[in-house]
>>> print(open('start-v7.pdb').read())   # PDB, C-alpha atoms
ATOM      1  CA  MET A 150       0.000   0.000   0.000  1.00  0.00           C
ATOM      2  CA  LEU A 151       1.271   3.469  -0.689  1.00  0.00           C
ATOM      3  CA  LEU A 152       0.541   7.169  -0.387  1.00  0.00           C
ATOM      4  CA  GLY A 153      -0.897   9.316  -3.138  1.00  0.00           C
ATOM      5  CA  VAL A 154      -2.114  12.874  -3.623  1.00  0.00           C
ATOM      6  CA  VAL A 155      -5.373  13.494  -5.509  1.00  0.00           C
ATOM      7  CA  LYS A 156      -4.717  15.767  -8.469  1.00  0.00           C
ATOM      8  CA  GLY A 157      -8.011  15.691 -10.298  1.00  0.00           C
ATOM      9  CA  THR A 158     -10.940  13.645 -11.507  1.00  0.00           C
ATOM     10  CA  ALA A 159     -11.451  11.523 -14.589  1.00  0.00           C
ATOM     11  CA  VAL A 160     -15.012  11.293 -15.903  1.00  0.00           C
ATOM     12  CA  CYS A 161     -15.612   8.418 -18.339  1.00  0.00           C
ATOM     13  CA  THR A 162     -19.068   8.032 -19.838  1.00  0.00           C
ATOM     14  CA  ILE A 163     -18.072   4.973 -21.840  1.00  0.00           C
ATOM     15  CA  LYS A 164     -16.210   2.488 -19.697  1.00  0.00           C
ATOM     16  CA  TYR A 165     -15.948  -1.139 -18.815  1.00  0.00           C
ATOM     17  CA  PRO A 166     -19.338  -2.648 -17.941  1.00  0.00           C
ATOM     18  CA  GLY A 167     -19.661  -3.063 -14.165  1.00  0.00           C
ATOM     19  CA  THR A 168     -17.677   0.052 -13.329  1.00  0.00           C
ATOM     20  CA  GLU A 169     -20.681   2.341 -13.601  1.00  0.00           C
ATOM     21  CA  GLY A 170     -21.099   4.648 -10.652  1.00  0.00           C
ATOM     22  CA  LEU A 171     -17.440   4.388  -9.653  1.00  0.00           C
ATOM     23  CA  LYS A 172     -15.602   7.663  -9.204  1.00  0.00           C
ATOM     24  CA  PHE A 173     -12.168   7.798 -10.828  1.00  0.00           C
ATOM     25  CA  LEU A 174      -9.590  10.221  -9.446  1.00  0.00           C
ATOM     26  CA  VAL A 175      -6.256  11.256 -10.912  1.00  0.00           C
ATOM     27  CA  VAL A 176      -3.609  10.591  -8.236  1.00  0.00           C
ATOM     28  CA  GLN A 177       0.118  11.189  -7.969  1.00  0.00           C
ATOM     29  CA  PRO A 178       1.864   8.406  -6.006  1.00  0.00           C
ATOM     30  CA  VAL A 179       4.253   9.872  -3.422  1.00  0.00           C
ATOM     31  CA  ASN A 180       6.932   8.422  -1.173  1.00  0.00           C
ATOM     32  CA  LYS A 181       7.319   8.862   2.577  1.00  0.00           C
ATOM     33  CA  LYS A 182       8.797  12.332   2.076  1.00  0.00           C
ATOM     34  CA  LEU A 183       5.667  13.178   0.030  1.00  0.00           C
ATOM     35  CA  GLU A 184       7.783  13.591  -3.092  1.00  0.00           C
ATOM     36  CA  SER A 185       6.207  12.523  -6.369  1.00  0.00           C
ATOM     37  CA  VAL A 186       7.187   9.059  -7.516  1.00  0.00           C
ATOM     38  CA  GLY A 187       6.460   8.012 -11.085  1.00  0.00           C
ATOM     39  CA  LEU A 188       3.619   9.158 -13.287  1.00  0.00           C
ATOM     40  CA  LEU A 189       0.038  10.225 -12.561  1.00  0.00           C
ATOM     41  CA  GLN A 190      -2.355   7.289 -12.235  1.00  0.00           C
ATOM     42  CA  ILE A 191      -6.105   6.759 -12.101  1.00  0.00           C
ATOM     43  CA  ALA A 192      -7.538   5.299  -8.915  1.00  0.00           C
ATOM     44  CA  VAL A 193     -11.078   4.346  -8.009  1.00  0.00           C
ATOM     45  CA  ASP A 194     -12.358   6.297  -5.028  1.00  0.00           C
ATOM     46  CA  THR A 195     -14.050   4.408  -2.183  1.00  0.00           C
ATOM     47  CA  VAL A 196     -13.591   7.012   0.559  1.00  0.00           C
ATOM     48  CA  ASP A 197     -14.857  10.243  -1.106  1.00  0.00           C
ATOM     49  CA  ALA A 198     -11.408  11.828  -1.308  1.00  0.00           C
ATOM     50  CA  GLY A 199     -11.248  15.330  -2.733  1.00  0.00           C
ATOM     51  CA  TYR A 200      -8.699  17.396  -4.648  1.00  0.00           C
ATOM     52  CA  GLY A 201      -5.362  17.729  -2.845  1.00  0.00           C
ATOM     53  CA  ASP A 202      -6.103  14.998  -0.278  1.00  0.00           C
ATOM     54  CA  LEU A 203      -3.247  12.760   0.806  1.00  0.00           C
ATOM     55  CA  CYS A 204      -4.607   9.211   0.626  1.00  0.00           C
ATOM     56  CA  VAL A 205      -3.583   5.632   1.308  1.00  0.00           C
ATOM     57  CA  MET A 206      -3.892   3.535  -1.843  1.00  0.00           C
ATOM     58  CA  VAL A 207      -3.822  -0.165  -2.565  1.00  0.00           C
ATOM     59  CA  ARG A 208      -2.734  -1.791  -5.838  1.00  0.00           C
ATOM     60  CA  SER A 209      -3.499  -4.929  -7.821  1.00  0.00           C
ATOM     61  CA  ARG A 210      -6.401  -7.288  -7.136  1.00  0.00           C
ATOM     62  CA  GLU A 211      -6.999  -5.777  -3.737  1.00  0.00           C
ATOM     63  CA  ALA A 212      -8.150  -2.605  -5.500  1.00  0.00           C
ATOM     64  CA  SER A 213     -11.250  -4.394  -6.765  1.00  0.00           C
ATOM     65  CA  LEU A 214     -11.760  -5.924  -3.322  1.00  0.00           C
ATOM     66  CA  ALA A 215     -11.882  -2.430  -1.839  1.00  0.00           C
ATOM     67  CA  LEU A 216     -15.185  -1.693  -3.575  1.00  0.00           C
ATOM     68  CA  HIS A 217     -18.336  -1.634  -1.444  1.00  0.00           C
ATOM     69  CA  GLU A 218     -19.618  -4.694  -3.319  1.00  0.00           C
ATOM     70  CA  PRO A 219     -16.456  -6.315  -4.654  1.00  0.00           C
ATOM     71  CA  LYS A 220     -16.939  -7.492  -8.226  1.00  0.00           C
ATOM     72  CA  ALA A 221     -14.642  -8.708 -10.953  1.00  0.00           C
ATOM     73  CA  VAL A 222     -13.815  -5.433 -12.669  1.00  0.00           C
ATOM     74  CA  PRO A 223     -10.435  -4.442 -14.077  1.00  0.00           C
ATOM     75  CA  LEU A 224      -9.126  -2.104 -11.376  1.00  0.00           C
ATOM     76  CA  ASP A 225      -5.552  -1.912 -10.202  1.00  0.00           C
ATOM     77  CA  LEU A 226      -5.501   1.095  -7.872  1.00  0.00           C
ATOM     78  CA  ALA A 227      -7.986   2.153  -5.205  1.00  0.00           C
ATOM     79  CA  LEU A 228      -8.055   4.814  -2.532  1.00  0.00           C
ATOM     80  CA  VAL A 229      -8.708   3.205   0.846  1.00  0.00           C
ATOM     81  CA  GLY A 230      -8.092   6.007   3.318  1.00  0.00           C
ATOM     82  CA  VAL A 231      -7.820   9.768   3.602  1.00  0.00           C
ATOM     83  CA  VAL A 232      -4.829  10.712   5.737  1.00  0.00           C
ATOM     84  CA  ASP A 233      -5.568  13.090   8.602  1.00  0.00           C
ATOM     85  CA  GLN A 234      -2.294  12.923  10.504  1.00  0.00           C
ATOM     86  CA  TYR A 235       1.026  11.911   9.036  1.00  0.00           C
ATOM     87  CA  GLN A 236       4.090  11.669  11.239  1.00  0.00           C
ATOM     88  CA  ILE A 237       7.423  10.580   9.811  1.00  0.00           C
ATOM     89  CA  ARG A 238      10.818  10.394  11.519  1.00  0.00           C
ATOM     90  CA  PRO A 239      14.006  11.312   9.611  1.00  0.00           C
ATOM     91  CA  ASN A 240      16.225   8.523   8.256  1.00  0.00           C
ATOM     92  CA  SER A 241      19.046   9.590  10.561  1.00  0.00           C
ATOM     93  CA  GLU A 242      17.183   8.174  13.560  1.00  0.00           C
ATOM     94  CA  PHE A 243      17.242   4.641  12.197  1.00  0.00           C
ATOM     95  CA  ASN A 244      19.826   1.995  11.325  1.00  0.00           C
ATOM     96  CA  LEU A 245      18.689   1.172   7.801  1.00  0.00           C
ATOM     97  CA  VAL A 246      21.670  -0.943   6.737  1.00  0.00           C
ATOM     98  CA  MET A 247      22.104  -4.618   7.602  1.00  0.00           C
ATOM     99  CA  LYS A 248      25.781  -5.398   8.158  1.00  0.00           C
ATOM    100  CA  ARG A 249      27.457  -8.801   7.654  1.00  0.00           C
ATOM    101  CA  GLY A 250      27.334 -10.877  10.855  1.00  0.00           C
ATOM    102  CA  SER A 251      24.872 -10.276  13.643  1.00  0.00           C
ATOM    103  CA  ASN A 252      22.494  -7.306  13.668  1.00  0.00           C
ATOM    104  CA  SER A 253      20.541  -6.929  16.875  1.00  0.00           C
ATOM    105  CA  TYR A 254      17.504  -4.686  16.871  1.00  0.00           C
ATOM    106  CA  THR A 255      16.090  -4.769  20.400  1.00  0.00           C
TER     107      THR A 255
ATOM    108  CA  MET B 115       9.461   5.000  10.479  1.00  0.00           C
ATOM    109  CA  GLY B 116       6.208   6.850  10.755  1.00  0.00           C
ATOM    110  CA  THR B 117       2.493   6.572  11.459  1.00  0.00           C
ATOM    111  CA  VAL B 118      -0.479   7.347   9.245  1.00  0.00           C
ATOM    112  CA  VAL B 119      -3.824   8.181  10.859  1.00  0.00           C
ATOM    113  CA  THR B 120      -6.918   7.973   8.656  1.00  0.00           C
ATOM    114  CA  THR B 121     -10.285   8.615  10.297  1.00  0.00           C
ATOM    115  CA  ILE B 122     -12.171   8.223   7.031  1.00  0.00           C
ATOM    116  CA  GLY B 123     -10.984   4.902   5.770  1.00  0.00           C
ATOM    117  CA  HIS B 124     -11.988   1.554   4.398  1.00  0.00           C
ATOM    118  CA  PRO B 125     -13.824  -0.638   6.943  1.00  0.00           C
ATOM    119  CA  HIS B 126     -11.170  -3.367   6.586  1.00  0.00           C
ATOM    120  CA  TYR B 127      -8.616  -0.933   7.989  1.00  0.00           C
ATOM    121  CA  LYS B 128     -10.497   0.247  11.035  1.00  0.00           C
ATOM    122  CA  SER B 129      -9.068  -0.161  14.536  1.00  0.00           C
ATOM    123  CA  ARG B 130      -5.635  -0.991  13.123  1.00  0.00           C
ATOM    124  CA  ARG B 131      -2.627   1.268  12.745  1.00  0.00           C
ATOM    125  CA  LEU B 132      -0.994   2.110   9.433  1.00  0.00           C
ATOM    126  CA  LEU B 133       2.780   2.425   9.632  1.00  0.00           C
ATOM    127  CA  VAL B 134       5.374   3.713   7.165  1.00  0.00           C
ATOM    128  CA  VAL B 135       7.940   0.966   6.533  1.00  0.00           C
ATOM    129  CA  GLN B 136      11.369   1.378   4.928  1.00  0.00           C
ATOM    130  CA  PRO B 137      13.007  -1.859   3.703  1.00  0.00           C
ATOM    131  CA  LEU B 138      16.519  -2.383   5.071  1.00  0.00           C
ATOM    132  CA  ALA B 139      19.436  -2.257   2.641  1.00  0.00           C
ATOM    133  CA  LEU B 140      22.445  -4.582   2.564  1.00  0.00           C
ATOM    134  CA  GLU B 141      25.858  -3.187   3.393  1.00  0.00           C
ATOM    135  CA  GLY B 142      27.296  -1.435   0.343  1.00  0.00           C
ATOM    136  CA  ASP B 143      23.982  -1.278  -1.559  1.00  0.00           C
ATOM    137  CA  ALA B 144      22.605   2.116  -2.531  1.00  0.00           C
ATOM    138  CA  ALA B 145      19.593   3.112  -0.445  1.00  0.00           C
ATOM    139  CA  GLU B 146      16.471   2.863  -2.595  1.00  0.00           C
ATOM    140  CA  ASP B 147      13.264   4.877  -2.466  1.00  0.00           C
ATOM    141  CA  ASP B 148      11.013   1.919  -1.816  1.00  0.00           C
ATOM    142  CA  ASP B 149       9.145   2.763   1.362  1.00  0.00           C
ATOM    143  CA  PHE B 150       5.504   1.653   1.676  1.00  0.00           C
ATOM    144  CA  ILE B 151       2.570   1.565   4.085  1.00  0.00           C
ATOM    145  CA  ALA B 152       1.743  -1.546   6.106  1.00  0.00           C
ATOM    146  CA  LEU B 153      -1.085  -2.515   8.401  1.00  0.00           C
ATOM    147  CA  ASP B 154       0.100  -3.230  11.931  1.00  0.00           C
ATOM    148  CA  ASN B 155      -0.780  -6.655  13.293  1.00  0.00           C
ATOM    149  CA  THR B 156       1.825  -6.944  16.063  1.00  0.00           C
ATOM    150  CA  GLN B 157       1.696  -3.612  17.936  1.00  0.00           C
ATOM    151  CA  ALA B 158       4.924  -2.477  16.257  1.00  0.00           C
ATOM    152  CA  GLY B 159       6.052   1.092  16.925  1.00  0.00           C
ATOM    153  CA  ILE B 160       8.328   3.654  15.321  1.00  0.00           C
ATOM    154  CA  GLY B 161      11.924   2.407  15.387  1.00  0.00           C
ATOM    155  CA  ASP B 162      10.993  -1.294  15.434  1.00  0.00           C
ATOM    156  CA  THR B 163      12.521  -3.558  12.851  1.00  0.00           C
ATOM    157  CA  VAL B 164       9.658  -5.661  11.577  1.00  0.00           C
ATOM    158  CA  LEU B 165       8.858  -8.589   9.358  1.00  0.00           C
ATOM    159  CA  VAL B 166       6.333  -7.603   6.685  1.00  0.00           C
ATOM    160  CA  LEU B 167       4.154  -9.837   4.527  1.00  0.00           C
ATOM    161  CA  ARG B 168       3.589  -8.088   1.176  1.00  0.00           C
ATOM    162  CA  GLU B 169       1.164 -10.367  -0.603  1.00  0.00           C
ATOM    163  CA  GLY B 170      -2.631 -10.124  -0.678  1.00  0.00           C
ATOM    164  CA  THR B 171      -3.644 -13.737  -0.173  1.00  0.00           C
ATOM    165  CA  GLY B 172      -1.360 -14.166   2.806  1.00  0.00           C
ATOM    166  CA  ALA B 173      -2.469 -10.838   4.252  1.00  0.00           C
ATOM    167  CA  ARG B 174      -6.110 -11.923   4.066  1.00  0.00           C
ATOM    168  CA  GLN B 175      -5.282 -15.150   5.922  1.00  0.00           C
ATOM    169  CA  VAL B 176      -3.396 -13.245   8.622  1.00  0.00           C
ATOM    170  CA  LEU B 177      -6.307 -10.862   9.115  1.00  0.00           C
ATOM    171  CA  GLN B 178      -8.908 -13.651   8.789  1.00  0.00           C
ATOM    172  CA  ASN B 179     -10.813 -11.538   6.277  1.00  0.00           C
ATOM    173  CA  PRO B 180     -11.347 -13.360   2.966  1.00  0.00           C
ATOM    174  CA  GLN B 181     -12.444 -10.117   1.311  1.00  0.00           C
ATOM    175  CA  GLY B 182      -9.767  -7.919   2.867  1.00  0.00           C
ATOM    176  CA  CYS B 183      -8.266  -5.279   0.554  1.00  0.00           C
ATOM    177  CA  VAL B 184      -4.895  -5.355   2.306  1.00  0.00           C
ATOM    178  CA  ILE B 185      -1.505  -6.225   0.828  1.00  0.00           C
ATOM    179  CA  SER B 186       1.173  -5.321   3.373  1.00  0.00           C
ATOM    180  CA  VAL B 187       0.794  -6.600   6.936  1.00  0.00           C
ATOM    181  CA  ILE B 188       3.369  -6.426   9.719  1.00  0.00           C
ATOM    182  CA  VAL B 189       3.591  -9.972  11.016  1.00  0.00           C
ATOM    183  CA  GLY B 190       6.575  -9.880  13.330  1.00  0.00           C
ATOM    184  CA  ILE B 191       9.109  -7.811  15.220  1.00  0.00           C
ATOM    185  CA  VAL B 192      12.709  -8.782  14.517  1.00  0.00           C
ATOM    186  CA  ASP B 193      15.229  -9.198  17.344  1.00  0.00           C
ATOM    187  CA  THR B 194      18.385 -10.137  15.441  1.00  0.00           C
ATOM    188  CA  VAL B 195      19.424 -10.818  11.857  1.00  0.00           C
ATOM    189  CA  ASN B 196      22.556 -12.874  11.150  1.00  0.00           C
ATOM    190  CA  LEU B 197      24.132 -12.424   7.736  1.00  0.00           C
ATOM    191  CA  GLU B 198      26.804 -14.927   6.701  1.00  0.00           C
ATOM    192  CA  THR B 199      30.064 -13.285   5.770  1.00  0.00           C
ATOM    193  CA  THR B 200      30.776 -15.309   2.609  1.00  0.00           C
TER     194      THR B 200
END
>>> encode(input="start-v7.pdb", output="structure tokens")
Amino acid sequence: MLLGVVKGTAVCTIKYPGTEGLKFLVVQPVNKKLESVGLLQIAVDTVDAGYGDLCVMVRSREASLALHEPKAVPLDLALVGVVDQYQIRPNSEFNLVMKRGSNSYT
Amino acid sequence: MGTVVTTIGHPHYKSRRLLVVQPLALEGDAAEDDDFIALDNTQAGIGDTVLVLREGTGARQVLQNPQGCVISVIVGIVDTVNLETT
């Protein structure tokens, strides 16, 4: 699962049967530092996210499972949460490299 | 590394914490930009080194929710990792 920022909406009158009534939003995937990663993508909205919202997204088959009545429709990205609080600690506080030999973490 | 709080969220995610997870790198490898969000299943906190399951079917079994729209689940807290020095 990953973070994404809603950048706009995509309205499709003609689309795959079974996806009627689903709201498609244009999202920009972002990393933990909220920097854009990769290209804009289209995600189905299940949590009524609006423009500029930071959201939690889920990819692949789970995107179609996130629908209110899951059905077999070709979806590969869905918004599953609107972020209200986001707290991240800087990399410097963590030991992110595994050395040869024993690494103890507790 | 961080926590994500979503009041408006999918019902499968309620009453569980979402944590930002950064995969560990091997010595000498360049650090990659591959962090992701995982659902906490073991009361892990910031600074814990955890074991994460990143596959939908397994995640659904862990959460006992056959329709769960979850991919990454934290399934363990790591005490030590031993890497052979070959």
>>> closest_residue(input="start-v7.pdb", among="A:Phe243, A:Phe173, A:Tyr200, A:Tyr254", to="Leu226 in chain A", atoms="all atoms listed in the file")
A:Phe173
>>> atom_distance(input="start-v7.pdb", atom1="CA of Leu171 in chain A", atom2="CA of Ser213 in chain A")
11.1 Å
>>> closest_atom_pairs(input="start-v7.pdb", of="chain A", to="chain B", cutoff="6 Å", atoms="all atoms listed in the file", output="JSON lines")
{"residue": "A:Met150", "atom": "CA", "partner": "B:Ile151", "partner_atom": "CA", "distance": 5.1}
{"residue": "A:Leu151", "atom": "CA", "partner": "B:Phe150", "partner_atom": "CA", "distance": 5.2}
{"residue": "A:Glu211", "atom": "CA", "partner": "B:Cys183", "partner_atom": "CA", "distance": 4.5}
{"residue": "A:Leu214", "atom": "CA", "partner": "B:Cys183", "partner_atom": "CA", "distance": 5.3}
{"residue": "A:Ala215", "atom": "CA", "partner": "B:Cys183", "partner_atom": "CA", "distance": 5.2}
{"residue": "A:Val229", "atom": "CA", "partner": "B:His124", "partner_atom": "CA", "distance": 5.1}
{"residue": "A:Gly230", "atom": "CA", "partner": "B:Gly123", "partner_atom": "CA", "distance": 3.9}
{"residue": "A:Val231", "atom": "CA", "partner": "B:Thr120", "partner_atom": "CA", "distance": 5.4}
{"residue": "A:Val232", "atom": "CA", "partner": "B:Thr120", "partner_atom": "CA", "distance": 4.5}
{"residue": "A:Asp233", "atom": "CA", "partner": "B:Thr120", "partner_atom": "CA", "distance": 5.3}
{"residue": "A:Gln234", "atom": "CA", "partner": "B:Val119", "partner_atom": "CA", "distance": 5.0}
{"residue": "A:Tyr235", "atom": "CA", "partner": "B:Val118", "partner_atom": "CA", "distance": 4.8}
{"residue": "A:Gln236", "atom": "CA", "partner": "B:Gly116", "partner_atom": "CA", "distance": 5.3}
{"residue": "A:Ile237", "atom": "CA", "partner": "B:Gly116", "partner_atom": "CA", "distance": 4.0}
{"residue": "A:Arg238", "atom": "CA", "partner": "B:Met115", "partner_atom": "CA", "distance": 5.7}
{"residue": "A:Leu245", "atom": "CA", "partner": "B:Leu138", "partner_atom": "CA", "distance": 5.0}
{"residue": "A:Val246", "atom": "CA", "partner": "B:Ala139", "partner_atom": "CA", "distance": 4.8}
{"residue": "A:Met247", "atom": "CA", "partner": "B:Leu140", "partner_atom": "CA", "distance": 5.0}
{"residue": "A:Lys248", "atom": "CA", "partner": "B:Glu141", "partner_atom": "CA", "distance": 5.3}
{"residue": "A:Arg249", "atom": "CA", "partner": "B:Leu197", "partner_atom": "CA", "distance": 4.9}
{"residue": "A:Gly250", "atom": "CA", "partner": "B:Leu197", "partner_atom": "CA", "distance": 4.7}
{"residue": "A:Ser251", "atom": "CA", "partner": "B:Asn196", "partner_atom": "CA", "distance": 4.3}
{"residue": "A:Asn252", "atom": "CA", "partner": "B:Val195", "partner_atom": "CA", "distance": 5.0}
{"residue": "A:Ser253", "atom": "CA", "partner": "B:Thr194", "partner_atom": "CA", "distance": 4.1}
{"residue": "A:Tyr254", "atom": "CA", "partner": "B:Asp193", "partner_atom": "CA", "distance": 5.1}
{"residue": "A:Thr255", "atom": "CA", "partner": "B:Asp193", "partner_atom": "CA", "distance": 5.4}
>>> atom_distance(input="start-v7.pdb", atom1="CA of Asn240 in chain A", atom2="CA of Val189 in chain B")
22.6 Å
>>> axis_aligned_box(input="start-v7.pdb", around="range 176-192 of chain B", padding_each_side="3 Å", output="JSON")
{"center_x": 0.1, "center_y": -9.5, "center_z": 7.9, "size_x": 31.2, "size_y": 14.4, "size_z": 20.7}
>>> closest_residue(input="start-v7.pdb", among="A:Gln177, A:Ser209, A:Thr195, A:Ser241", to="Gly153 in chain A", atoms="all atoms listed in the file")
A:Gln177
>>> resolve_selection(input="start-v7.pdb", expression="the PyMOL selection byres ((chain A and resi 223) around 9)", output="list in words")
Tyr165, Thr168, Arg210, Ser213, Ala221, Val222, Leu224 and Asp225 of chain A
>>> atom_distance(input="start-v7.pdb", atom1="CA of Cys161 in chain A", atom2="CA of Gly187 in chain A")
23.2 Å
>>> closest_residue(input="start-v7.pdb", among="A:Glu184, A:Glu218, A:Asp194, A:Glu242", to="Leu152 in chain A", atoms="all atoms listed in the file")
A:Glu184
>>> decode(input="start-v7.pdb", residues="range 171-249 of chain A", atoms="C-alpha atoms", output="mmCIF file, in the first residue's frame")
data_model
loop_
_atom_site.group_PDB
_atom_site.id
_atom_site.type_symbol
_atom_site.label_atom_id
_atom_site.label_comp_id
_atom_site.auth_asym_id
_atom_site.auth_seq_id
_atom_site.Cartn_x
_atom_site.Cartn_y
_atom_site.Cartn_z
ATOM 1 C CA LEU A 171 -17.440 4.388 -9.653
ATOM 2 C CA LYS A 172 -15.602 7.663 -9.204
ATOM 3 C CA PHE A 173 -12.168 7.798 -10.828
ATOM 4 C CA LEU A 174 -9.590 10.221 -9.446
ATOM 5 C CA VAL A 175 -6.256 11.256 -10.912
ATOM 6 C CA VAL A 176 -3.609 10.591 -8.236
ATOM 7 C CA GLN A 177 0.118 11.189 -7.969
ATOM 8 C CA PRO A 178 1.864 8.406 -6.006
ATOM 9 C CA VAL A 179 4.253 9.872 -3.422
ATOM 10 C CA ASN A 180 6.932 8.422 -1.173
ATOM 11 C CA LYS A 181 7.319 8.862 2.577
ATOM 12 C CA LYS A 182 8.797 12.332 2.076
ATOM 13 C CA LEU A 183 5.667 13.178 0.030
ATOM 14 C CA GLU A 184 7.783 13.591 -3.092
ATOM 15 C CA SER A 185 6.207 12.523 -6.369
ATOM 16 C CA VAL A 186 7.187 9.059 -7.516
ATOM 17 C CA GLY A 187 6.460 8.012 -11.085
ATOM 18 C CA LEU A 188 3.619 9.158 -13.287
ATOM 19 C CA LEU A 189 0.038 10.225 -12.561
ATOM 20 C CA GLN A 190 -2.355 7.289 -12.235
ATOM 21 C CA ILE A 191 -6.105 6.759 -12.101
ATOM 22 C CA ALA A 192 -7.538 5.299 -8.915
ATOM 23 C CA VAL A 193 -11.078 4.346 -8.009
ATOM 24 C CA ASP A 194 -12.358 6.297 -5.028
ATOM 25 C CA THR A 195 -14.050 4.408 -2.183
ATOM 26 C CA VAL A 196 -13.591 7.012 0.559
ATOM 27 C CA ASP A 197 -14.857 10.243 -1.106
ATOM 28 C CA ALA A 198 -11.408 11.828 -1.308
ATOM 29 C CA GLY A 199 -11.248 15.330 -2.733
ATOM 30 C CA TYR A 200 -8.699 17.396 -4.648
ATOM 31 C CA GLY A 201 -5.362 17.729 -2.845
ATOM 32 C CA ASP A 202 -6.103 14.998 -0.278
ATOM 33 C CA LEU A 203 -3.247 12.760 0.806
ATOM 34 C CA CYS A 204 -4.607 9.211 0.626
ATOM 35 C CA VAL A 205 -3.583 5.632 1.308
ATOM 36 C CA MET A 206 -3.892 3.535 -1.843
ATOM 37 C CA VAL A 207 -3.822 -0.165 -2.565
ATOM 38 C CA ARG A 208 -2.734 -1.791 -5.838
ATOM 39 C CA SER A 209 -3.499 -4.929 -7.821
ATOM 40 C CA ARG A 210 -6.401 -7.288 -7.136
ATOM 41 C CA GLU A 211 -6.999 -5.777 -3.737
ATOM 42 C CA ALA A 212 -8.150 -2.605 -5.500
ATOM 43 C CA SER A 213 -11.250 -4.394 -6.765
ATOM 44 C CA LEU A 214 -11.760 -5.924 -3.322
ATOM 45 C CA ALA A 215 -11.882 -2.430 -1.839
ATOM 46 C CA LEU A 216 -15.185 -1.693 -3.575
ATOM 47 C CA HIS A 217 -18.336 -1.634 -1.444
ATOM 48 C CA GLU A 218 -19.618 -4.694 -3.319
ATOM 49 C CA PRO A 219 -16.456 -6.315 -4.654
ATOM 50 C CA LYS A 220 -16.939 -7.492 -8.226
ATOM 51 C CA ALA A 221 -14.642 -8.708 -10.953
ATOM 52 C CA VAL A 222 -13.815 -5.433 -12.669
ATOM 53 C CA PRO A 223 -10.435 -4.442 -14.077
ATOM 54 C CA LEU A 224 -9.126 -2.104 -11.376
ATOM 55 C CA ASP A 225 -5.552 -1.912 -10.202
ATOM 56 C CA LEU A 226 -5.501 1.095 -7.872
ATOM 57 C CA ALA A 227 -7.986 2.153 -5.205
ATOM 58 C CA LEU A 228 -8.055 4.814 -2.532
ATOM 59 C CA VAL A 229 -8.708 3.205 0.846
ATOM 60 C CA GLY A 230 -8.092 6.007 3.318
ATOM 61 C CA VAL A 231 -7.820 9.768 3.602
ATOM 62 C CA VAL A 232 -4.829 10.712 5.737
ATOM 63 C CA ASP A 233 -5.568 13.090 8.602
ATOM 64 C CA GLN A 234 -2.294 12.923 10.504
ATOM 65 C CA TYR A 235 1.026 11.911 9.036
ATOM 66 C CA GLN A 236 4.090 11.669 11.239
ATOM 67 C CA ILE A 237 7.423 10.580 9.811
ATOM 68 C CA ARG A 238 10.818 10.394 11.519
ATOM 69 C CA PRO A 239 14.006 11.312 9.611
ATOM 70 C CA ASN A 240 16.225 8.523 8.256
ATOM 71 C CA SER A 241 19.046 9.590 10.561
ATOM 72 C CA GLU A 242 17.183 8.174 13.560
ATOM 73 C CA PHE A 243 17.242 4.641 12.197
ATOM 74 C CA ASN A 244 19.826 1.995 11.325
ATOM 75 C CA LEU A 245 18.689 1.172 7.801
ATOM 76 C CA VAL A 246 21.670 -0.943 6.737
ATOM 77 C CA MET A 247 22.104 -4.618 7.602
ATOM 78 C CA LYS A 248 25.781 -5.398 8.158
ATOM 79 C CA ARG A 249 27.457 -8.801 7.654
#
